[in-house]
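What follows is the content of target.cif, which has mmCIF, C-alpha atoms:
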```
data_work
#
loop_
_atom_site.group_PDB
_atom_site.id
_atom_site.type_symbol
_atom_site.label_atom_id
_atom_site.label_comp_id
_atom_site.auth_asym_id
_atom_site.auth_seq_id
_atom_site.Cartn_x
_atom_site.Cartn_y
_atom_site.Cartn_z
ATOM 1 C CA MET G 23 -18.997 -1.864 19.318
ATOM 2 C CA ASN G 24 -16.430 0.924 19.447
ATOM 3 C CA PHE G 25 -14.490 1.965 16.355
ATOM 4 C CA THR G 26 -11.683 4.366 15.512
ATOM 5 C CA LYS G 27 -11.368 6.299 12.258
ATOM 6 C CA MET G 28 -7.715 6.726 11.247
ATOM 7 C CA HIS G 29 -5.751 7.670 8.161
ATOM 8 C CA GLY G 30 -2.241 7.514 6.774
ATOM 9 C CA ILE G 31 -1.854 10.635 4.594
ATOM 10 C CA GLY G 32 -5.515 10.441 3.601
ATOM 11 C CA ASN G 33 -5.760 6.665 3.051
ATOM 12 C CA ASP G 34 -8.492 6.180 5.659
ATOM 13 C CA TYR G 35 -9.871 3.076 7.343
ATOM 14 C CA VAL G 36 -12.240 2.166 10.122
ATOM 15 C CA TYR G 37 -10.381 0.248 12.852
ATOM 16 C CA ILE G 38 -11.983 -2.183 15.284
ATOM 17 C CA ASN G 39 -10.356 -4.023 18.158
ATOM 18 C CA ALA G 40 -11.271 -7.593 17.188
ATOM 19 C CA ILE G 41 -9.432 -8.960 20.220
ATOM 20 C CA GLU G 42 -12.363 -7.680 22.294
ATOM 21 C CA ASN G 43 -15.111 -7.703 19.637
ATOM 22 C CA LYS G 44 -16.085 -10.759 17.628
ATOM 23 C CA ILE G 45 -16.773 -9.830 13.990
ATOM 24 C CA ASP G 46 -18.830 -12.474 12.189
ATOM 25 C CA ASN G 47 -19.265 -10.738 8.833
ATOM 26 C CA PRO G 48 -16.215 -8.543 8.135
ATOM 27 C CA SER G 49 -16.837 -8.287 4.377
ATOM 28 C CA GLU G 50 -20.390 -7.020 4.845
ATOM 29 C CA LEU G 51 -19.282 -4.735 7.649
ATOM 30 C CA ALA G 52 -16.525 -3.296 5.430
ATOM 31 C CA VAL G 53 -19.042 -2.360 2.727
ATOM 32 C CA TYR G 54 -21.304 -0.715 5.291
ATOM 33 C CA VAL G 55 -18.712 1.321 7.191
ATOM 34 C CA SER G 56 -16.939 2.414 4.000
ATOM 35 C CA ASP G 57 -20.019 4.111 2.534
ATOM 36 C CA ARG G 58 -19.325 7.843 2.741
ATOM 37 C CA HIS G 59 -23.030 8.724 2.567
ATOM 38 C CA PHE G 60 -24.780 6.066 4.642
ATOM 39 C CA GLY G 61 -21.900 4.676 6.709
ATOM 40 C CA ILE G 62 -18.843 6.089 8.443
ATOM 41 C CA GLY G 63 -16.836 6.667 5.272
ATOM 42 C CA SER G 64 -13.495 5.011 4.545
ATOM 43 C CA ASP G 65 -11.352 3.101 2.061
ATOM 44 C CA GLY G 66 -12.122 -0.061 3.989
ATOM 45 C CA LEU G 67 -12.123 -1.866 7.333
ATOM 46 C CA ILE G 68 -9.143 -3.042 9.385
ATOM 47 C CA LEU G 69 -9.520 -5.461 12.278
ATOM 48 C CA ILE G 70 -6.837 -5.641 14.949
ATOM 49 C CA CYS G 71 -6.629 -9.260 16.065
ATOM 50 C CA ALA G 72 -4.606 -11.479 18.367
ATOM 51 C CA SER G 73 -1.730 -13.423 16.832
ATOM 52 C CA ASP G 74 0.282 -16.458 17.867
ATOM 53 C CA LYS G 75 3.055 -15.460 15.442
ATOM 54 C CA ALA G 76 3.515 -11.746 16.164
ATOM 55 C CA ASP G 77 2.435 -9.070 18.621
ATOM 56 C CA PHE G 78 -0.815 -8.482 16.704
ATOM 57 C CA MET G 79 -2.514 -9.361 13.428
ATOM 58 C CA MET G 80 -3.976 -6.960 10.853
ATOM 59 C CA ASP G 81 -7.015 -8.242 8.942
ATOM 60 C CA MET G 82 -8.024 -5.768 6.225
ATOM 61 C CA TYR G 83 -10.971 -5.452 3.856
ATOM 62 C CA ASN G 84 -11.426 -3.087 0.932
ATOM 63 C CA ALA G 85 -14.439 -0.840 0.450
ATOM 64 C CA ASP G 86 -16.124 -3.444 -1.777
ATOM 65 C CA GLY G 87 -15.769 -6.134 0.895
ATOM 66 C CA SER G 88 -12.868 -7.983 -0.743
ATOM 67 C CA ARG G 89 -10.089 -9.057 1.593
ATOM 68 C CA GLY G 90 -6.698 -7.403 1.196
ATOM 69 C CA ARG G 91 -3.343 -8.959 1.932
ATOM 70 C CA MET G 92 -1.439 -5.852 2.983
ATOM 71 C CA CYS G 93 -1.805 -2.077 3.343
ATOM 72 C CA GLY G 94 1.179 0.144 4.062
ATOM 73 C CA ASN G 95 -0.772 3.158 5.299
ATOM 74 C CA GLY G 96 -3.129 0.912 7.216
ATOM 75 C CA ILE G 97 -0.398 -0.942 9.063
ATOM 76 C CA ARG G 98 1.157 2.321 10.272
ATOM 77 C CA CYS G 99 -2.194 3.174 11.833
ATOM 78 C CA VAL G 100 -2.358 -0.280 13.428
ATOM 79 C CA GLY G 101 0.956 0.528 15.122
ATOM 80 C CA LYS G 102 -0.439 3.819 16.378
ATOM 81 C CA TYR G 103 -3.669 2.185 17.558
ATOM 82 C CA VAL G 104 -2.073 -0.551 19.650
ATOM 83 C CA TYR G 105 0.355 1.888 21.301
ATOM 84 C CA ASP G 106 -2.032 4.794 21.841
ATOM 85 C CA HIS G 107 -4.705 2.508 23.290
ATOM 86 C CA GLY G 108 -2.263 0.882 25.678
ATOM 87 C CA LEU G 109 -2.371 -2.580 24.089
ATOM 88 C CA THR G 110 1.433 -2.461 24.115
ATOM 89 C CA ASP G 111 4.198 -0.216 25.389
ATOM 90 C CA LYS G 112 6.744 -1.501 22.877
ATOM 91 C CA LYS G 113 8.394 0.908 20.438
ATOM 92 C CA ILE G 114 9.141 -1.949 18.038
ATOM 93 C CA VAL G 115 6.042 -3.988 17.189
ATOM 94 C CA THR G 116 5.493 -6.977 14.901
ATOM 95 C CA ILE G 117 2.262 -7.287 12.935
ATOM 96 C CA GLU G 118 1.089 -10.459 11.213
ATOM 97 C CA THR G 119 -0.501 -9.919 7.781
ATOM 98 C CA LEU G 120 -1.539 -12.197 4.946
ATOM 99 C CA SER G 121 1.711 -11.069 3.305
ATOM 100 C CA GLY G 122 3.872 -12.092 6.244
ATOM 101 C CA ILE G 123 5.046 -10.488 9.463
ATOM 102 C CA LYS G 124 6.013 -6.814 9.272
ATOM 103 C CA THR G 125 8.164 -4.974 11.808
ATOM 104 C CA LEU G 126 7.159 -1.445 12.846
ATOM 105 C CA ASN G 127 9.385 1.138 14.521
ATOM 106 C CA LEU G 128 7.182 3.635 16.358
ATOM 107 C CA SER G 129 8.121 7.291 16.809
ATOM 108 C CA ILE G 130 6.348 8.765 19.827
ATOM 109 C CA LYS G 131 5.775 12.301 21.079
ATOM 110 C CA PRO G 132 3.815 13.966 23.892
ATOM 111 C CA VAL G 133 0.089 14.134 23.137
ATOM 112 C CA GLY G 134 0.053 17.897 22.513
ATOM 113 C CA GLU G 135 2.706 17.664 19.806
ATOM 114 C CA VAL G 136 0.877 15.214 17.548
ATOM 115 C CA GLU G 137 -1.692 16.099 14.890
ATOM 116 C CA GLY G 138 -5.219 14.728 15.127
ATOM 117 C CA TYR G 139 -7.651 13.531 17.751
ATOM 118 C CA GLN G 140 -6.015 11.736 20.692
ATOM 119 C CA ALA G 141 -8.640 9.866 22.717
ATOM 120 C CA VAL G 142 -6.281 7.601 24.655
ATOM 121 C CA SER G 143 -2.571 7.860 25.277
ATOM 122 C CA ASN G 144 0.138 5.610 26.666
ATOM 123 C CA GLN G 145 1.283 7.590 29.734
ATOM 124 C CA GLY G 146 0.836 10.868 27.887
ATOM 125 C CA TYR G 147 2.644 9.793 24.714
ATOM 126 C CA VAL G 148 1.238 8.862 21.327
ATOM 127 C CA VAL G 149 2.640 7.710 18.002
ATOM 128 C CA SER G 150 3.325 10.390 15.382
ATOM 129 C CA HIS G 151 5.203 8.492 12.646
ATOM 130 C CA VAL G 152 5.936 4.874 11.890
ATOM 131 C CA THR G 153 8.725 3.231 9.906
ATOM 132 C CA VAL G 154 7.719 -0.127 8.474
ATOM 133 C CA ASN G 155 10.014 -2.823 7.146
ATOM 134 C CA MET G 156 7.815 -3.783 4.205
ATOM 135 C CA GLY G 157 9.965 -6.777 3.288
ATOM 136 C CA SER G 158 11.364 -7.767 -0.078
ATOM 137 C CA PRO G 159 9.732 -6.845 -3.374
ATOM 138 C CA VAL G 160 8.471 -9.716 -5.518
ATOM 139 C CA PHE G 161 9.189 -9.658 -9.260
ATOM 140 C CA GLU G 162 8.414 -13.071 -10.764
ATOM 141 C CA PRO G 163 5.344 -12.484 -12.951
ATOM 142 C CA GLU G 164 3.515 -15.576 -11.699
ATOM 143 C CA ASP G 165 4.009 -14.394 -8.111
ATOM 144 C CA VAL G 166 2.875 -10.782 -8.624
ATOM 145 C CA PRO G 167 0.651 -12.148 -10.289
ATOM 146 C CA VAL G 168 0.642 -11.029 -13.888
ATOM 147 C CA ASN G 169 0.047 -13.255 -16.894
ATOM 148 C CA PRO G 170 2.035 -11.839 -19.827
ATOM 149 C CA SER G 171 0.838 -14.534 -22.227
ATOM 150 C CA GLU G 172 -2.658 -13.115 -22.608
ATOM 151 C CA GLY G 173 -2.006 -11.646 -26.052
ATOM 152 C CA TYR G 174 -2.960 -8.136 -25.011
ATOM 153 C CA ALA G 175 -0.501 -6.367 -27.318
ATOM 154 C CA PRO G 176 1.133 -6.956 -30.701
ATOM 155 C CA ALA G 177 3.289 -10.058 -30.652
ATOM 156 C CA LYS G 178 6.370 -8.131 -31.717
ATOM 157 C CA LEU G 179 6.309 -6.283 -28.402
ATOM 158 C CA SER G 180 8.134 -8.289 -25.727
ATOM 159 C CA SER G 181 6.363 -8.432 -22.385
ATOM 160 C CA ILE G 182 9.059 -9.980 -20.209
ATOM 161 C CA ILE G 183 12.624 -8.705 -20.322
ATOM 162 C CA ASP G 184 14.517 -11.989 -20.338
ATOM 163 C CA ILE G 185 17.530 -10.647 -18.493
ATOM 164 C CA ASN G 186 18.246 -10.203 -14.810
ATOM 165 C CA PRO G 187 17.677 -6.503 -14.092
ATOM 166 C CA ILE G 188 17.709 -7.253 -10.380
ATOM 167 C CA LYS G 189 21.344 -8.325 -10.590
ATOM 168 C CA GLU G 190 22.124 -5.069 -12.346
ATOM 169 C CA VAL G 191 21.061 -3.083 -9.270
ATOM 170 C CA GLY G 192 23.212 -5.151 -6.941
ATOM 171 C CA LEU G 193 20.978 -8.077 -5.974
ATOM 172 C CA MET G 194 21.848 -11.645 -6.834
ATOM 173 C CA THR G 195 18.706 -13.427 -7.958
ATOM 174 C CA ASP G 196 17.443 -15.334 -10.962
ATOM 175 C CA GLU G 197 14.065 -13.611 -10.925
ATOM 176 C CA LYS G 198 12.695 -12.146 -14.103
ATOM 177 C CA VAL G 199 10.643 -8.986 -13.969
ATOM 178 C CA ALA G 200 7.811 -7.596 -16.042
ATOM 179 C CA ILE G 201 9.466 -4.277 -16.816
ATOM 180 C CA SER G 202 8.150 -1.807 -19.400
ATOM 181 C CA MET G 203 5.546 -4.411 -20.283
ATOM 182 C CA PRO G 204 3.216 -3.325 -23.112
ATOM 183 C CA ILE G 205 -0.420 -3.242 -22.014
ATOM 184 C CA LEU G 206 -3.222 -2.651 -24.490
ATOM 185 C CA ILE G 207 -5.985 -0.415 -23.064
ATOM 186 C CA ASP G 208 -8.660 0.450 -25.626
ATOM 187 C CA ASP G 209 -6.567 1.403 -28.657
ATOM 188 C CA SER G 210 -3.519 2.661 -26.746
ATOM 189 C CA ILE G 211 -0.429 0.841 -25.540
ATOM 190 C CA TYR G 212 0.885 1.659 -22.073
ATOM 191 C CA TYR G 213 4.141 0.407 -20.591
ATOM 192 C CA GLY G 214 3.960 -0.924 -17.051
ATOM 193 C CA THR G 215 6.406 -2.441 -14.581
ATOM 194 C CA CYS G 216 4.866 -5.040 -12.263
ATOM 195 C CA VAL G 217 5.980 -5.506 -8.655
ATOM 196 C CA SER G 218 4.324 -7.095 -5.634
ATOM 197 C CA MET G 219 4.766 -5.702 -2.138
ATOM 198 C CA GLY G 220 2.383 -8.276 -0.723
ATOM 199 C CA ASN G 221 -0.248 -7.176 -3.230
ATOM 200 C CA PRO G 222 0.019 -6.652 -6.998
ATOM 201 C CA HIS G 223 1.064 -3.315 -8.470
ATOM 202 C CA CYS G 224 1.552 -2.028 -12.000
ATOM 203 C CA ILE G 225 3.559 1.188 -12.327
ATOM 204 C CA VAL G 226 2.970 3.403 -15.360
ATOM 205 C CA TYR G 227 4.835 6.664 -16.067
ATOM 206 C CA VAL G 228 2.935 9.748 -17.203
ATOM 207 C CA ASP G 229 3.895 13.343 -17.948
ATOM 208 C CA ASP G 230 1.495 15.004 -15.507
ATOM 209 C CA THR G 231 -0.306 13.238 -12.675
ATOM 210 C CA ASP G 232 -2.451 16.274 -11.848
ATOM 211 C CA SER G 233 -4.364 16.204 -15.129
ATOM 212 C CA TYR G 234 -4.268 12.451 -15.757
ATOM 213 C CA PRO G 235 -7.736 10.888 -16.358
ATOM 214 C CA ILE G 236 -7.303 8.197 -13.709
ATOM 215 C CA GLU G 237 -11.054 7.680 -13.304
ATOM 216 C CA GLN G 238 -11.302 6.499 -16.923
ATOM 217 C CA ILE G 239 -8.039 4.565 -17.219
ATOM 218 C CA GLY G 240 -7.629 3.101 -13.722
ATOM 219 C CA PRO G 241 -10.585 0.670 -13.852
ATOM 220 C CA LYS G 242 -9.401 -0.691 -17.207
ATOM 221 C CA PHE G 243 -6.063 -1.663 -15.660
ATOM 222 C CA GLU G 244 -7.714 -3.122 -12.573
ATOM 223 C CA THR G 245 -9.861 -5.565 -14.530
ATOM 224 C CA ASN G 246 -7.471 -6.260 -17.420
ATOM 225 C CA ARG G 247 -7.135 -9.991 -18.091
ATOM 226 C CA LEU G 248 -3.374 -9.671 -17.628
ATOM 227 C CA PHE G 249 -3.992 -9.524 -13.878
ATOM 228 C CA PRO G 250 -5.780 -12.631 -12.552
ATOM 229 C CA ASP G 251 -6.223 -11.113 -9.056
ATOM 230 C CA ARG G 252 -6.855 -7.592 -10.385
ATOM 231 C CA VAL G 253 -4.175 -4.975 -9.797
ATOM 232 C CA ASN G 254 -3.385 -1.673 -8.113
ATOM 233 C CA THR G 255 -2.144 0.811 -10.707
ATOM 234 C CA GLU G 256 0.229 3.680 -9.941
ATOM 235 C CA PHE G 257 0.417 6.567 -12.398
ATOM 236 C CA VAL G 258 3.767 8.212 -11.738
ATOM 237 C CA GLN G 259 5.462 11.475 -12.672
ATOM 238 C CA VAL G 260 9.237 11.710 -12.185
ATOM 239 C CA VAL G 261 10.146 15.078 -10.638
ATOM 240 C CA ASP G 262 13.831 14.291 -10.115
ATOM 241 C CA ARG G 263 15.973 11.410 -8.856
ATOM 242 C CA ALA G 264 14.820 11.909 -5.280
ATOM 243 C CA HIS G 265 11.191 12.856 -5.823
ATOM 244 C CA LEU G 266 8.203 11.184 -7.471
ATOM 245 C CA LYS G 267 4.556 12.229 -7.747
ATOM 246 C CA MET G 268 1.974 9.463 -7.771
ATOM 247 C CA ARG G 269 -1.747 8.825 -8.051
ATOM 248 C CA VAL G 270 -3.143 5.374 -7.420
ATOM 249 C CA TRP G 271 -6.161 3.367 -8.511
ATOM 250 C CA GLU G 272 -6.617 0.598 -5.934
ATOM 251 C CA ARG G 273 -8.401 -2.627 -6.702
ATOM 252 C CA GLY G 274 -11.644 -2.747 -4.792
ATOM 253 C CA SER G 275 -11.525 0.887 -3.663
ATOM 254 C CA GLY G 276 -10.930 3.094 -6.725
ATOM 255 C CA GLU G 277 -8.700 6.151 -6.428
ATOM 256 C CA THR G 278 -7.453 6.697 -2.896
ATOM 257 C CA MET G 279 -5.517 9.549 -1.345
ATOM 258 C CA ALA G 280 -2.493 7.330 -0.802
ATOM 259 C CA CYS G 281 -1.187 3.767 -1.022
ATOM 260 C CA GLY G 282 1.832 2.720 1.033
ATOM 261 C CA THR G 283 2.559 -0.562 -0.734
ATOM 262 C CA GLY G 284 2.054 1.286 -4.022
ATOM 263 C CA ALA G 285 4.615 3.931 -3.069
ATOM 264 C CA CYS G 286 7.094 1.175 -2.187
ATOM 265 C CA ALA G 287 6.451 -0.683 -5.441
ATOM 266 C CA THR G 288 6.782 2.580 -7.362
ATOM 267 C CA VAL G 289 10.206 3.364 -5.922
ATOM 268 C CA VAL G 290 11.450 -0.180 -6.599
ATOM 269 C CA ALA G 291 10.130 -0.061 -10.177
ATOM 270 C CA SER G 292 11.663 3.387 -10.695
ATOM 271 C CA ILE G 293 15.063 2.144 -9.524
ATOM 272 C CA LEU G 294 14.819 -0.809 -11.914
ATOM 273 C CA ASN G 295 13.953 1.627 -14.704
ATOM 274 C CA GLY G 296 16.942 3.833 -13.812
ATOM 275 C CA LYS G 297 14.838 6.854 -12.912
ATOM 276 C CA VAL G 298 15.627 7.440 -9.207
ATOM 277 C CA ASP G 299 18.143 6.764 -6.444
ATOM 278 C CA ASP G 300 17.635 4.428 -3.471
ATOM 279 C CA GLU G 301 15.840 6.870 -1.160
ATOM 280 C CA VAL G 302 12.906 8.835 -2.534
ATOM 281 C CA ILE G 303 10.110 11.121 -1.400
ATOM 282 C CA VAL G 304 6.833 10.030 -2.962
ATOM 283 C CA SER G 305 4.162 12.747 -3.075
ATOM 284 C CA LEU G 306 0.606 11.411 -3.102
ATOM 285 C CA LEU G 307 -2.703 13.267 -2.971
ATOM 286 C CA GLY G 308 -2.774 12.971 0.824
ATOM 287 C CA GLY G 309 0.858 13.814 1.571
ATOM 288 C CA ASP G 310 4.414 12.515 1.369
ATOM 289 C CA LEU G 311 6.030 9.195 2.207
ATOM 290 C CA SER G 312 9.746 8.505 2.502
ATOM 291 C CA ILE G 313 10.686 5.230 0.802
ATOM 292 C CA ARG G 314 14.093 3.537 0.905
ATOM 293 C CA TRP G 315 15.129 0.302 -0.770
ATOM 294 C CA ASP G 316 18.012 -1.238 1.194
ATOM 295 C CA ARG G 317 19.493 -3.499 -1.436
ATOM 296 C CA GLU G 318 21.928 -5.196 0.957
ATOM 297 C CA GLN G 319 18.973 -6.456 3.015
ATOM 298 C CA ASN G 320 16.689 -6.483 -0.035
ATOM 299 C CA ALA G 321 14.090 -4.769 2.141
ATOM 300 C CA VAL G 322 11.942 -1.712 1.495
ATOM 301 C CA PHE G 323 11.422 0.753 4.350
ATOM 302 C CA MET G 324 8.490 3.159 4.437
ATOM 303 C CA THR G 325 8.203 6.104 6.835
ATOM 304 C CA GLY G 326 5.093 8.224 7.219
ATOM 305 C CA PRO G 327 2.574 9.643 9.685
ATOM 306 C CA ALA G 328 -0.429 7.928 11.252
ATOM 307 C CA THR G 329 -3.380 10.049 12.379
ATOM 308 C CA THR G 330 -6.463 9.413 14.469
ATOM 309 C CA VAL G 331 -9.516 11.301 13.181
ATOM 310 C CA PHE G 332 -12.203 10.364 15.713
ATOM 311 C CA GLU G 333 -13.682 7.529 17.749
ATOM 312 C CA GLY G 334 -17.281 6.423 17.940
ATOM 313 C CA GLU G 335 -19.738 3.659 18.655
ATOM 314 C CA LEU G 336 -21.305 1.544 15.931
#
```
Output the structure of this file as structure tokens.
Amino acid sequence: MNFTKMHGIGNDYVYINAIENKIDNPSELAVYVSDRHFGIGSDGLILICASDKADFMMDMYNADGSRGRMCGNGIRCVGKYVYDHGLTDKKIVTIETLSGIKTLNLSIKPVGEVEGYQAVSNQGYVVSHVTVNMGSPVFEPEDVPVNPSEGYAPAKLSSIIDINPIKEVGLMTDEKVAISMPILIDDSIYYGTCVSMGNPHCIVYVDDTDSYPIEQIGPKFETNRLFPDRVNTEFVQVVDRAHLKMRVWERGSGETMACGTGACATVVASILNGKVDDEVIVSLLGGDLSIRWDREQNAVFMTGPATTVFEGEL
């Protein structure tokens, strides 16, 4: 079968047209193709499937074979794939995911003006950037999910702020939020804010992302009993009110160059914590994403590039 290697600011996946190719064992295939020594090398596998609810469906698997609900960088590349390969000529595309239907606005340019390998083009044009309506953030701890009753920190430290911080930033809702929640890792207490953007995220603020020992700390967040479905952890440095730096430890994949849902969750959490304004540049290892939380719509918009690396036959 044919495959395409693509990345969104370094968050790379192997893409297969599952409309034309039947995949019987996607979890096993994900483990194989993700191996950077014996396979193709990627953060996981994304299948592009037919949908009776949207234009297409994205079915994603992490590098360890576990199925993911949503991937912000991955879905931008899905938009580029279906346009560049002539599966659609629409500039606005809907993609079904396990976290609901997402709407993509495709920015196109002539082939010669776009970075990366361009094997196929739609009448000489290809996608350069994609803006995704990522939907509404989810705050209720049981929906993230996070279980703050696990007794992970001294009882005197409150884990759930029993107020309505969402109302304070202009949204009318009764949701509680796990904000500045104490998390015991080894003998240290960290403070995390938990948000779901279709998958669970825990945002922790640090002084310097460049020197942070994410390889040691990240796995301990991922498998902490607070998080029944494991968790993606963002370690965030505030540069100013319009700029954040972030490194991410993704469940099932380890540290990746970027995480789109994580960048969205980070901006939402940072607004709730009073650290940034509504539109923010998030700098990740692989590049920058522009994230905007439209509080009137209660929708988070992510804009970033999508790049084709190469195509091959498996």
- Item | Pick from G:Leu294, G:Val149, G:Val228, G:Ile70, whichever lies nearest to Ala328 of chain G using only C-alpha atoms | G:Val149
- Quick one: everything within 7 Å of Ile225 of chain G, counting all atoms listed in the file, minus sequence neighbours fewer than 6 positions away in the same chain. Send it as a list in words.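 Here the qualifying residues turn out to be Gly214, Thr215, Cys216, Thr255, Glu256, Phe257 and Thr288 of chain G.
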Quick one: axis-aligned box around all listed atoms of segment 104-119 of chain G, 8 Å on every side, centre and edge lengths in Å to one decimal, written as lines of an AutoDock Vina configuration file.
```
center_x = 2.2
center_y = -2.8
center_z = 16.7
size_x = 29.8
size_y = 31.3
size_z = 33.9
```
- Do you have the atom CA of Ile205 of chain G-atom CA of Cys286 of chain G distance handy? 21.7 Å
- Leaving out segment 83-88 of chain G and any residue of its chain fewer than 5 positions from it, which residues lie within 7 Å of it when counting all atoms listed in the file, given as a ChimeraX atom specification? /G:49-50,52-53,56,65-68,274-275
- Query: Evaluating the PyMOL selection byres ((chain G and resi 32-34) around 7) on the displayed file yields which residues, as number ranges by chain?
  - Reply: G: 28-31, 35, 64-65, 95, 278-281, 308
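In this structure, atom CA of Asn127 of chain G sits 17.8 Å away from atom CA of Lys75 of chain G.
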